[in-house]
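Below is upload23.cif, holding mmCIF, C-alpha atoms.
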data_data
loop_
_atom_site.label_atom_id
_atom_site.label_comp_id
_atom_site.auth_asym_id
_atom_site.auth_seq_id
_atom_site.Cartn_x
_atom_site.Cartn_y
_atom_site.Cartn_z
CA MET G 735 -45.44 40.30 48.58
CA HIS G 736 -45.62 43.96 47.64
CA GLU G 737 -48.29 45.21 50.00
CA PHE G 738 -46.28 48.24 51.11
CA SER G 739 -46.03 49.86 47.67
CA LEU G 740 -49.61 48.86 47.00
CA VAL G 741 -50.92 50.62 50.10
CA GLU G 742 -48.80 53.69 49.30
CA GLY G 743 -50.46 53.76 45.88
CA ILE G 744 -53.94 53.40 47.37
CA ILE G 745 -53.41 56.29 49.79
CA GLN G 746 -52.08 58.53 47.05
CA ALA G 747 -54.94 57.64 44.69
CA VAL G 748 -57.63 58.24 47.33
CA GLN G 749 -56.13 61.63 48.17
CA GLU G 750 -56.07 62.56 44.49
CA ALA G 751 -59.66 61.37 44.05
CA ALA G 752 -60.73 63.52 46.99
CA GLY G 753 -59.42 66.53 45.09
CA ASP G 754 -57.69 69.68 46.20
CA GLY G 755 -60.70 71.19 47.95
CA GLY G 756 -59.31 70.31 51.36
CA GLY G 757 -62.41 68.33 52.29
CA ARG G 758 -62.05 65.55 54.82
CA VAL G 759 -62.30 61.97 53.63
CA LYS G 760 -64.76 60.12 55.84
CA SER G 761 -64.16 56.64 54.51
CA PHE G 762 -62.91 54.66 51.55
CA LYS G 763 -63.38 51.09 50.49
CA VAL G 764 -60.73 48.79 49.11
CA GLN G 765 -61.63 45.53 47.40
CA VAL G 766 -58.84 42.98 47.38
CA GLY G 767 -59.17 40.47 44.59
CA GLU G 768 -58.65 36.88 45.59
CA LEU G 769 -56.35 36.15 42.65
CA ALA G 770 -53.78 38.72 43.81
CA GLN G 771 -53.41 36.65 47.00
CA PHE G 772 -52.62 39.58 49.24
CA ASP G 773 -52.48 39.35 53.01
CA ILE G 774 -55.59 41.36 53.90
CA ARG G 775 -54.62 41.71 57.54
CA LEU G 776 -51.30 43.23 56.50
CA ILE G 777 -53.04 45.62 54.10
CA ARG G 778 -55.30 46.79 56.95
CA GLU G 779 -52.32 47.30 59.25
CA LEU G 780 -50.35 49.17 56.60
CA LEU G 781 -53.32 51.40 55.81
CA VAL G 782 -53.55 52.41 59.48
CA GLU G 783 -49.81 53.09 59.58
CA LEU G 784 -49.33 54.83 56.24
CA LYS G 785 -52.34 57.13 56.37
CA LYS G 786 -50.92 58.81 59.48
CA GLY G 787 -49.97 62.38 58.68
CA THR G 788 -52.02 62.41 55.49
CA ARG G 789 -55.48 63.78 54.74
CA LEU G 790 -56.75 60.25 55.29
CA GLU G 791 -55.52 59.96 58.86
CA ASP G 792 -59.01 59.96 60.35
CA ALA G 793 -60.70 58.23 57.43
CA ARG G 794 -62.15 54.79 57.91
CA ALA G 795 -60.58 52.26 55.58
CA ILE G 796 -62.88 49.39 54.71
CA VAL G 797 -61.01 46.44 53.26
CA VAL G 798 -62.99 43.54 51.82
CA ARG G 799 -62.06 40.43 49.89
CA GLU G 800 -63.47 40.06 46.38
CA ARG G 801 -64.03 36.47 45.36
CA ALA G 802 -62.50 35.39 42.07
CA LYS G 803 -64.70 34.49 39.13
CA VAL G 804 -62.87 33.10 36.14
CA LYS G 805 -64.52 32.24 32.87
CA CYS G 806 -63.30 29.92 30.13
CA LEU G 807 -63.47 31.77 26.81
CA SER G 808 -63.75 28.47 24.98
CA CYS G 809 -66.51 26.53 26.74
CA GLY G 810 -67.98 29.28 28.91
CA SER G 811 -67.57 27.45 32.22
CA GLU G 812 -67.09 29.57 35.31
CA TRP G 813 -64.57 28.76 37.99
CA SER G 814 -63.56 29.82 41.47
CA PHE G 815 -60.12 30.54 42.94
CA ASP G 816 -59.86 27.02 44.34
CA ASP G 817 -60.72 25.50 40.97
CA VAL G 818 -58.00 27.25 38.97
CA VAL G 819 -55.37 28.40 41.48
CA GLY G 820 -55.79 25.61 44.02
CA PRO G 821 -53.89 23.01 41.97
CA LEU G 822 -50.90 25.31 41.26
CA GLN G 823 -47.44 24.97 42.81
CA ARG G 824 -46.23 27.67 45.18
CA ASP G 825 -43.94 29.38 42.63
CA GLU G 826 -46.75 29.34 40.05
CA ARG G 827 -49.11 30.94 42.55
CA GLU G 828 -46.54 33.63 43.15
CA MET G 829 -46.47 34.52 39.45
CA VAL G 830 -50.27 34.82 39.45
CA HIS G 831 -49.98 37.00 42.55
CA PHE G 832 -47.79 39.47 40.65
CA MET G 833 -49.76 39.37 37.42
CA PRO G 834 -53.16 37.73 37.79
CA GLU G 835 -53.74 37.83 34.01
CA LEU G 836 -50.96 35.25 33.63
CA LEU G 837 -53.29 32.70 35.20
CA SER G 838 -53.84 31.24 31.74
CA SER G 839 -50.11 30.59 31.42
CA TYR G 840 -50.28 28.26 34.41
CA SER G 841 -53.82 27.00 34.66
CA LYS G 842 -56.40 25.61 32.29
CA CYS G 843 -60.12 25.14 32.23
CA PRO G 844 -60.96 22.08 34.37
CA SER G 845 -63.76 21.29 31.94
CA CYS G 846 -62.32 21.65 28.42
CA SER G 847 -58.58 21.82 29.24
CA LYS G 848 -58.00 24.97 27.20
CA ASN G 849 -55.80 27.79 28.54
CA TYR G 850 -58.35 30.45 27.66
CA LEU G 851 -59.22 31.69 31.12
CA GLU G 852 -60.47 35.21 31.55
CA ILE G 853 -60.78 36.92 34.90
CA GLU G 854 -64.21 38.38 35.44
CA GLU G 855 -63.91 39.30 39.11
CA GLY G 856 -61.33 39.30 41.87
CA ARG G 857 -58.24 40.06 39.80
CA SER G 858 -56.48 42.61 41.94
CA VAL G 859 -57.02 45.57 44.21
CA ARG G 860 -59.56 48.31 43.56
CA VAL G 861 -60.64 51.40 45.42
CA THR G 862 -64.38 51.34 44.95
CA GLU G 863 -65.68 54.12 47.14
CA VAL G 864 -64.45 57.39 48.60
CA ARG G 865 -66.82 59.24 50.94
CA LEU G 866 -66.23 62.82 51.94
CA ASP G 867 -67.67 64.89 54.77
CA ALA G 868 -70.47 67.07 53.45
CA MET I 763 -66.59 67.42 45.46
CA PRO I 764 -69.20 64.67 45.36
CA ASN I 765 -68.56 61.27 46.89
CA ARG I 766 -66.86 58.91 44.49
CA GLY I 767 -68.70 55.67 44.00
CA SER I 768 -66.92 54.50 40.89
CA THR I 769 -63.76 52.43 40.87
CA ILE I 770 -60.45 54.27 41.16
CA ASP I 771 -57.52 52.63 39.46
CA PHE I 772 -54.84 53.40 42.03
CA ARG I 773 -52.18 52.09 39.65
CA ARG I 774 -52.45 55.35 37.70
CA SER I 775 -51.10 57.23 40.71
CA MET I 776 -48.35 54.68 41.21
CA ILE I 777 -47.36 54.84 37.54
CA ARG I 778 -47.30 58.62 37.53
CA ARG I 779 -45.11 58.62 40.63
CA ARG I 780 -42.72 56.05 39.21
CA LEU I 781 -42.42 57.78 35.86
CA GLN I 782 -41.49 61.02 37.59
CA ASN I 783 -38.12 59.35 38.12
CA VAL I 784 -37.75 58.68 34.40
CA LYS I 785 -36.35 61.60 32.43
CA LYS I 786 -37.30 60.35 29.01
CA MET I 787 -39.44 57.53 27.72
CA LEU I 788 -38.70 56.24 24.25
CA ILE I 789 -41.34 54.00 22.73
CA VAL I 790 -40.21 51.85 19.80
CA LEU I 791 -43.03 50.65 17.60
CA SER I 792 -43.76 49.56 14.07
CA GLY I 793 -47.27 48.29 13.64
CA LYS I 794 -46.00 45.35 11.66
CA GLY I 795 -44.21 42.40 13.23
CA GLY I 796 -40.83 41.12 12.07
CA VAL I 797 -39.24 44.43 11.16
CA GLY I 798 -36.62 44.21 13.89
CA LYS I 799 -38.27 46.39 16.49
CA SER I 800 -37.15 44.33 19.49
CA VAL I 801 -33.53 44.21 18.36
CA VAL I 802 -33.64 47.95 17.67
CA SER I 803 -35.11 48.59 21.16
CA ALA I 804 -32.59 46.40 22.95
CA THR I 805 -29.68 47.83 20.96
CA ILE I 806 -30.73 51.44 21.58
CA ALA I 807 -31.01 50.63 25.30
CA ALA I 808 -27.59 48.95 25.32
CA LEU I 809 -26.00 51.82 23.37
CA LEU I 810 -27.42 54.38 25.79
CA GLY I 811 -26.17 52.28 28.68
CA GLN I 812 -22.75 52.09 27.07
CA ALA I 813 -22.79 55.88 26.76
CA GLY I 814 -23.13 56.10 30.55
CA PHE I 815 -26.86 56.70 30.96
CA ASN I 816 -29.12 54.96 33.45
CA VAL I 817 -31.37 52.94 31.19
CA GLY I 818 -34.37 50.68 31.60
CA LEU I 819 -35.89 48.47 28.94
CA MET I 820 -39.52 47.48 29.26
CA ASP I 821 -40.68 44.68 27.03
CA ALA I 822 -44.28 45.61 26.30
CA ASP I 823 -44.63 42.82 23.77
CA VAL I 824 -46.49 40.64 26.23
CA TYR I 825 -47.54 38.17 23.54
CA GLY I 826 -44.03 37.39 22.34
CA PRO I 827 -41.49 38.88 24.75
CA SER I 828 -37.91 38.82 23.47
CA SER I 829 -35.94 41.59 25.22
CA ALA I 830 -34.68 39.30 27.97
CA PHE I 831 -33.52 36.80 25.35
CA ILE I 832 -31.77 39.44 23.25
CA LEU I 833 -29.92 40.90 26.25
CA ASP I 834 -29.32 37.46 27.75
CA ALA I 835 -31.12 38.31 31.01
CA HIS I 836 -31.76 35.30 33.20
CA ALA I 837 -32.20 36.71 36.69
CA LYS I 838 -35.72 37.37 37.93
CA PRO I 839 -37.07 40.57 39.41
CA THR I 840 -36.69 40.69 43.17
CA GLU I 841 -39.11 42.13 45.67
CA GLY I 842 -38.16 45.37 47.31
CA LYS I 843 -40.16 47.42 49.80
CA ARG I 844 -41.33 49.75 47.04
CA GLY I 845 -41.96 47.27 44.28
CA LEU I 846 -40.28 44.83 41.97
CA ILE I 847 -36.64 45.54 41.29
CA PRO I 848 -35.80 44.66 37.70
CA PRO I 849 -32.78 42.49 36.93
CA VAL I 850 -29.81 44.06 35.18
CA ALA I 851 -28.23 42.65 32.03
CA GLY I 852 -25.64 44.41 29.90
CA GLY I 853 -25.93 47.38 32.25
CA ILE I 854 -29.65 47.72 31.47
CA LYS I 855 -32.56 47.24 33.86
CA ILE I 856 -35.05 44.96 32.17
CA MET I 857 -38.67 44.20 32.88
CA SER I 858 -40.51 41.63 30.87
CA VAL I 859 -43.50 39.37 31.25
CA ASP I 860 -41.04 36.66 30.26
CA PHE I 861 -39.73 36.68 33.83
CA PHE I 862 -43.18 35.77 35.12
CA ALA I 863 -44.04 33.09 32.59
CA PRO I 864 -40.71 31.81 31.27
CA GLY I 865 -41.18 29.55 28.30
CA LYS I 866 -44.95 29.46 28.82
CA PRO I 867 -47.67 30.39 26.36
CA ILE I 868 -49.21 33.75 27.21
CA PRO I 869 -52.82 33.75 25.96
CA LEU I 870 -54.18 37.22 26.64
CA THR I 871 -57.17 39.11 25.35
CA GLY I 872 -56.61 42.78 24.50
CA GLY I 873 -58.03 43.92 27.82
CA ALA I 874 -55.93 41.43 29.76
CA ALA I 875 -52.77 42.54 27.93
CA ARG I 876 -53.54 46.11 28.96
CA GLN I 877 -53.87 44.98 32.59
CA VAL I 878 -50.47 43.29 32.41
CA ILE I 879 -48.88 46.47 31.06
CA LEU I 880 -50.44 48.61 33.79
CA GLU I 881 -49.35 46.08 36.40
CA MET I 882 -45.77 46.08 35.10
CA LEU I 883 -45.64 49.87 35.10
CA ALA I 884 -47.17 50.13 38.56
CA LEU I 885 -45.06 47.43 40.19
CA THR I 886 -41.63 48.06 38.71
CA ASP I 887 -39.30 50.10 40.84
CA TRP I 888 -36.94 51.39 38.17
CA GLY I 889 -35.31 53.93 40.43
CA ARG I 890 -33.97 56.97 38.63
CA LEU I 891 -33.58 56.53 34.90
CA ASP I 892 -32.30 58.77 32.15
CA TYR I 893 -34.13 56.67 29.57
CA LEU I 894 -36.86 54.07 29.65
CA VAL I 895 -36.95 52.34 26.28
CA VAL I 896 -40.18 50.47 25.56
CA ASP I 897 -40.35 47.66 23.04
CA MET I 898 -43.91 47.54 21.72
CA PRO I 899 -45.81 44.59 20.27
CA PRO I 900 -46.94 44.75 16.65
CA ALA I 901 -50.30 46.36 15.90
CA THR I 902 -52.03 49.50 17.03
CA SER I 903 -53.60 47.72 19.97
CA ASP I 904 -54.70 48.33 23.55
CA ILE I 905 -51.04 48.31 24.55
CA MET I 906 -50.08 51.09 22.18
CA ILE I 907 -53.05 53.16 23.27
CA THR I 908 -52.26 52.56 26.94
CA LEU I 909 -48.58 53.41 26.68
CA THR I 910 -48.89 56.44 24.44
CA SER I 911 -51.56 57.84 26.77
CA LEU I 912 -49.35 57.85 29.85
CA PRO I 913 -49.49 61.07 31.81
CA ARG I 914 -46.09 62.51 31.02
CA SER I 915 -44.60 64.97 28.59
CA GLU I 916 -41.12 63.53 28.06
CA LEU I 917 -42.31 60.75 25.83
CA SER I 918 -41.17 60.15 22.31
CA THR I 919 -41.63 57.44 19.72
CA VAL I 920 -39.46 55.77 17.12
CA VAL I 921 -41.27 54.08 14.25
CA VAL I 922 -39.30 51.19 12.76
CA THR I 923 -40.05 49.96 9.27
CA MET I 924 -38.39 47.90 6.59
CA PRO I 925 -38.09 49.64 3.21
CA ASP I 926 -40.58 47.36 1.42
CA ARG I 927 -44.03 48.61 0.57
CA LEU I 928 -45.82 46.10 2.79
CA SER I 929 -43.96 47.22 5.94
CA LEU I 930 -44.34 50.84 4.92
CA SER I 931 -48.08 50.56 4.45
CA VAL I 932 -48.44 49.48 8.09
CA ALA I 933 -45.87 51.97 9.39
CA HIS I 934 -47.80 54.71 7.58
CA ARG I 935 -50.91 53.91 9.64
CA VAL I 936 -48.88 54.03 12.85
CA VAL I 937 -47.25 57.37 12.04
CA GLU I 938 -50.62 58.78 11.02
CA LEU I 939 -52.13 57.65 14.32
CA LEU I 940 -49.30 59.14 16.37
CA HIS I 941 -49.43 62.34 14.36
CA ALA I 942 -53.19 62.69 14.81
CA GLY I 943 -52.82 62.06 18.56
CA ARG I 944 -50.04 64.66 18.76
CA ILE I 945 -47.76 62.04 20.25
CA PRO I 946 -44.15 63.14 19.77
CA ILE I 947 -42.31 61.23 17.05
CA LEU I 948 -38.52 61.24 17.25
CA GLY I 949 -38.45 59.84 13.75
CA VAL I 950 -38.77 56.95 11.32
CA LEU I 951 -36.00 54.36 11.33
CA GLY I 952 -35.48 52.27 8.19
CA ASN I 953 -34.31 48.77 9.06
CA MET I 954 -32.89 45.74 7.27
CA TYR I 955 -31.61 47.51 4.16
CA ARG I 956 -29.67 45.38 1.76
CA PRO I 957 -26.28 46.60 0.50
CA THR I 958 -26.64 49.28 -2.18
CA HIS I 959 -25.54 47.04 -5.06
CA GLN I 960 -28.15 44.40 -4.14
CA ARG I 961 -31.10 46.73 -3.86
CA THR I 962 -34.21 46.36 -5.95
CA ILE I 963 -37.36 48.36 -6.35
CA SER I 964 -38.51 47.15 -2.93
CA ASP I 965 -35.55 48.86 -1.24
CA ASP I 966 -36.55 52.36 -2.17
CA ASP I 967 -36.48 55.44 -0.01
CA GLY I 968 -39.98 54.89 1.37
CA PRO I 969 -39.02 55.27 5.05
CA LYS I 970 -37.42 58.63 4.27
CA ARG I 971 -40.46 59.76 2.33
CA LEU I 972 -42.71 58.61 5.18
CA ALA I 973 -40.73 60.78 7.58
CA GLU I 974 -40.93 63.72 5.19
CA GLU I 975 -44.67 63.32 4.70
CA PHE I 976 -45.27 63.77 8.42
CA LYS I 977 -42.51 66.35 8.87
CA THR I 978 -40.54 64.18 11.21
CA THR I 979 -36.93 63.04 11.13
CA PHE I 980 -35.59 60.18 9.06
CA LEU I 981 -33.35 58.36 11.52
CA GLY I 982 -31.34 56.51 8.92
CA GLU I 983 -30.92 53.25 7.02
CA MET I 984 -29.96 50.33 9.22
CA PRO I 985 -28.30 47.51 7.30
CA TYR I 986 -29.45 43.91 7.27
CA ASP I 987 -26.67 42.26 9.23
CA VAL I 988 -26.36 38.51 9.80
CA GLY I 989 -24.01 39.31 12.68
CA VAL I 990 -27.03 40.47 14.69
CA ARG I 991 -28.62 37.05 14.60
CA GLU I 992 -25.37 35.36 15.53
CA ALA I 993 -24.82 37.69 18.49
CA VAL I 994 -28.41 37.27 19.71
CA GLU I 995 -28.20 33.48 19.36
CA LYS I 996 -25.09 33.47 21.53
CA GLY I 997 -26.52 35.97 24.03
CA ASP I 998 -23.49 38.11 23.25
CA VAL I 999 -24.47 41.72 23.97
CA ASN I 1000 -20.96 43.03 23.41
CA GLY I 1001 -20.88 41.19 20.10
CA LEU I 1002 -24.22 42.73 19.19
CA LEU I 1003 -22.85 46.21 19.86
CA LYS I 1004 -19.93 45.53 17.54
CA THR I 1005 -22.10 44.67 14.54
CA THR I 1006 -22.38 47.00 11.56
CA PHE I 1007 -26.06 47.32 12.43
CA ALA I 1008 -25.31 48.56 15.97
CA ARG I 1009 -22.56 50.89 14.81
CA THR I 1010 -24.92 52.44 12.26
CA LEU I 1011 -27.66 52.70 14.87
CA ASN I 1012 -25.20 54.28 17.29
CA ARG I 1013 -24.50 57.07 14.82
CA SER I 1014 -28.22 57.70 14.57
CA VAL I 1015 -28.69 57.61 18.36
CA LYS I 1016 -25.85 60.09 18.83
CA ARG I 1017 -27.07 62.41 16.15
CA HIS I 1018 -30.78 62.40 16.85
CA LEU I 1019 -31.07 61.51 20.53
CA LEU I 1020 -27.88 62.57 22.26
CA GLU I 1021 -26.85 65.60 20.26
CA GLY I 1022 -30.09 66.80 18.73
CA PRO I 1023 -32.86 68.92 20.22
CA HIS I 1024 -33.98 65.86 22.20
CA ALA I 1025 -30.61 65.51 23.96
CA GLN I 1026 -30.87 64.24 27.50
CA ARG I 1027 -28.35 65.13 30.21
CA LYS I 1028 -26.89 62.40 32.37
CA ASP I 1029 -27.65 62.37 36.08
#

Rendering of file as structure tokens:
Amino acid sequence: MHEFSLVEGIIQAVQEAAGDGGGRVKSFKVQVGELAQFDIRLIRELLVELKKGTRLEDARAIVVRERAKVKCLSCGSEWSFDDVVGPLQRDEREMVHFMPELLSSYSKCPSCSKNYLEIEEGRSVRVTEVRLDA
Amino acid sequence: MPNRGSTIDFRRSMIRRRLQNVKKMLIVLSGKGGVGKSVVSATIAALLGQAGFNVGLMDADVYGPSSAFILDAHAKPTEGKRGLIPPVAGGIKIMSVDFFAPGKPIPLTGGAARQVILEMLALTDWGRLDYLVVDMPPATSDIMITLTSLPRSELSTVVVTMPDRLSLSVAHRVVELLHAGRIPILGVLGNMYRPTHQRTISDDDGPKRLAEEFKTTFLGEMPYDVGVREAVEKGDVNGLLKTTFARTLNRSVKRHLLEGPHAQRKD
């Protein structure tokens, strides 16, 4: 798992998004896509630890899980994480964890059996909101 | 500063930070497939490594990755605290989607391919590099747009083309696109030339004229060399570097990359 470098990246990106005005960041929201299979509790802990000494030290970090929605480009069926990642072996899941787009290399549409799966939601981690003090 | 409600792609920050440790990025592209771009990329990387530079090779051809095969890299990336540590083969750090889906089909839409590239760039902990050579897929696609838009100044491109008119017609589009986007072009490299006495009308000096048209450098005529295929088949990187092709390319690398105005100092 690469949560540490991920959280470092999030903190840096939020600080950059807040700009150079010196304003205080009140809160920011992080959506963790189900397909990336991150340990959300660890991300929360690392955020608390790594924002110390930064402009985000007092900011509230909201971390939420984003459910995966995967669509078959051939038949149009929509699938959940359990449908397409559930049947995979541990090492295959790990590859999807690193690069969620490679899901189609390991999984296929349960309906039409084609490997044309496209991720619509829940691929990876996104910062969706940064709130500053007025 | 207003509150930001739109999504922030934190990978951009990660990529910028990682690329700060890369002195020069050299993107090898062609537009057309089958002109020897991957072999050129891997050989340039190996030659730079042989010359004592710290070199990384990123295989951006996510549809048909071949860098790991050419350099006979079998180890997988390992997880470090700050990201994925690329395996080393022939003295070169290599990152390829091949490590994540070995032998598997890789069906990706354009947007998905772009995501994979961003993920590779954000996750890979290259450490300090003198050169990061990037082997591009054919076509002027999402991947080319993504990679040539990276936020850094020390980026240069090498356009590989065969001397036939078909390859040149595609290479012309690529050079025109780079030129219009003010993306630095190190030069045009002519590849797979037949020996002089066997040349026909299709082996003309088109690559040189293409370079002249856009006021860039002609990087030379690389010979078609069956030894390249034999070395790649055997996974013999040292053998590859001893081919006439590699020796010719080495002269070009020395002249245009190591001794020219683009010369890069070693760490």

Choose the residue, out of G:Val861, G:Met829, G:Val818, G:Leu807, that has the smallest atom-to-atom separation from Pro844 of chain G; count only C-alpha atoms.
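Selected residue with least distance to Pro844 of chain G: G:Val818.
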
Starting from the PyMOL selection byres ((chain I) within 8 of (chain G)), expand the selection into actual residues of this file and give them as a ChimeraX atom specification.
/I:763-776,841-846,862-863,866-870,874-875,877-878,881,885

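Excluding Arg775 of chain G itself and same-chain residues fewer than 6 positions from it, the residues having an atom within 12 Å of it are Glu737, Val766, Leu781, Val782, Ile796, Val797, Val798 and Arg799 of chain G, counting only C-alpha atoms.
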
I need the output of the PyMOL selection byres ((chain I and resi 998-1015) around 10) for this file as JSON, numbers by chain; which residues are they?
{"I": [801, 802, 804, 805, 806, 808, 809, 810, 812, 813, 832, 833, 834, 851, 852, 951, 953, 954, 955, 980, 981, 982, 983, 984, 985, 986, 987, 988, 989, 990, 991, 992, 993, 994, 995, 996, 997, 1016, 1017, 1018, 1019, 1020, 1021, 1022, 1025]}

Please evaluate the PyMOL selection byres ((chain I and resi 935) around 12) against the structure above and give the resulting residues as a VMD selection string.
chain I and resid 791 to 794 901 to 902 921 923 928 to 934 936 to 942 972 976

Would you work out the distance separating atom CA of Asp773 of chain G from atom CA of Arg779 of chain I, expressed in Å to one decimal?
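One can read the atom CA of Asp773 of chain G to atom CA of Arg779 of chain I distance as 24.1 Å.
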
Would you mind reading off the distance between atom CA of Pro946 of chain I and atom CA of Gly795 of chain I, one decimal, in Å?
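Between these atoms lies a distance of 21.7 Å.
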
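Interatomic distance, atom CA of Ile774 of chain G to atom CA of Asp860 of chain I: 28.2 Å.
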
Surrounding residues of Pro848 of chain I excluding itself and chain neighbours under 3 positions, 7 Å, only C-alpha atoms, as a PyMOL selection string:
chain I and resi 839-840+855-857+886+888

Using only C-alpha atoms, which of the listed residues (G:Ala802, G:Ala795, G:Cys846, G:Leu790) sits closest to Ile777 of chain G?
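Result for the nearest residue to Ile777 of chain G: G:Ala795.
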
Nearest-residue call for Met882 of chain I, choices I:Ile907, I:Ile945, I:Val859, I:Val817, using all atoms listed in the file:
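That would be I:Val859, the residue with the smallest distance to Met882 of chain I.
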
Padding 5 Å on every side, please: axis-aligned box over the listed atoms of segment 745-758 of chain G, centre and edge lengths to one decimal in Å, as lines of an AutoDock Vina configuration file.
center_x = -57.2
center_y = 63.7
center_z = 49.4
size_x = 20.3
size_y = 24.9
size_z = 20.8

Please write as number ranges by chain the list of polymer residues whose atoms come within 8 Å of (-54.0, 33.9, 43.2), counting all atoms listed in the file and keeping to the coordinates of the file.
G: 768-771, 815, 819, 827-828, 830-831, 834

For segment 837-852 of chain G, which lacks atoms in the input, supply N, CA and C atoms and format the output as a CSV table (one decimal), in the frame of the given file.
chain,number,residue,atom,x,y,z
G,837,LEU,N,-52.7,33.9,34.8
G,837,LEU,CA,-53.3,32.7,35.2
G,837,LEU,C,-53.4,31.7,34.1
G,838,SER,N,-53.7,32.2,32.9
G,838,SER,CA,-53.8,31.2,31.7
G,838,SER,C,-52.5,30.6,31.3
G,839,SER,N,-51.4,31.2,31.7
G,839,SER,CA,-50.1,30.6,31.4
G,839,SER,C,-49.9,29.4,32.3
G,840,TYR,N,-50.6,29.3,33.4
G,840,TYR,CA,-50.3,28.3,34.4
G,840,TYR,C,-51.5,27.3,34.6
G,841,SER,N,-52.6,27.8,34.3
G,841,SER,CA,-53.8,27.0,34.7
G,841,SER,C,-54.7,26.8,33.4
G,842,LYS,N,-55.5,25.8,33.4
G,842,LYS,CA,-56.4,25.6,32.3
G,842,LYS,C,-57.8,25.3,32.8
G,843,CYS,N,-58.7,25.4,31.9
G,843,CYS,CA,-60.1,25.1,32.2
G,843,CYS,C,-60.3,23.7,32.7
G,844,PRO,N,-60.8,23.5,33.9
G,844,PRO,CA,-61.0,22.1,34.4
G,844,PRO,C,-61.9,21.3,33.5
G,845,SER,N,-62.8,22.0,32.7
G,845,SER,CA,-63.8,21.3,31.9
G,845,SER,C,-63.2,20.9,30.5
G,846,CYS,N,-62.7,21.9,29.8
G,846,CYS,CA,-62.3,21.6,28.4
G,846,CYS,C,-60.8,21.6,28.2
G,847,SER,N,-60.1,21.9,29.3
G,847,SER,CA,-58.6,21.8,29.2
G,847,SER,C,-57.9,22.9,28.4
G,848,LYS,N,-58.6,23.9,28.0
G,848,LYS,CA,-58.0,25.0,27.2
G,848,LYS,C,-57.5,26.1,28.2
G,849,ASN,N,-56.4,26.7,27.7
G,849,ASN,CA,-55.8,27.8,28.5
G,849,ASN,C,-56.4,29.2,28.3
G,850,TYR,N,-57.7,29.2,28.0
G,850,TYR,CA,-58.4,30.4,27.7
G,850,TYR,C,-59.2,31.0,28.8
G,851,LEU,N,-58.5,31.2,29.9
G,851,LEU,CA,-59.2,31.7,31.1
G,851,LEU,C,-59.2,33.2,31.2
G,852,GLU,N,-60.4,33.8,31.4
G,852,GLU,CA,-60.5,35.2,31.6
G,852,GLU,C,-61.0,35.5,32.9
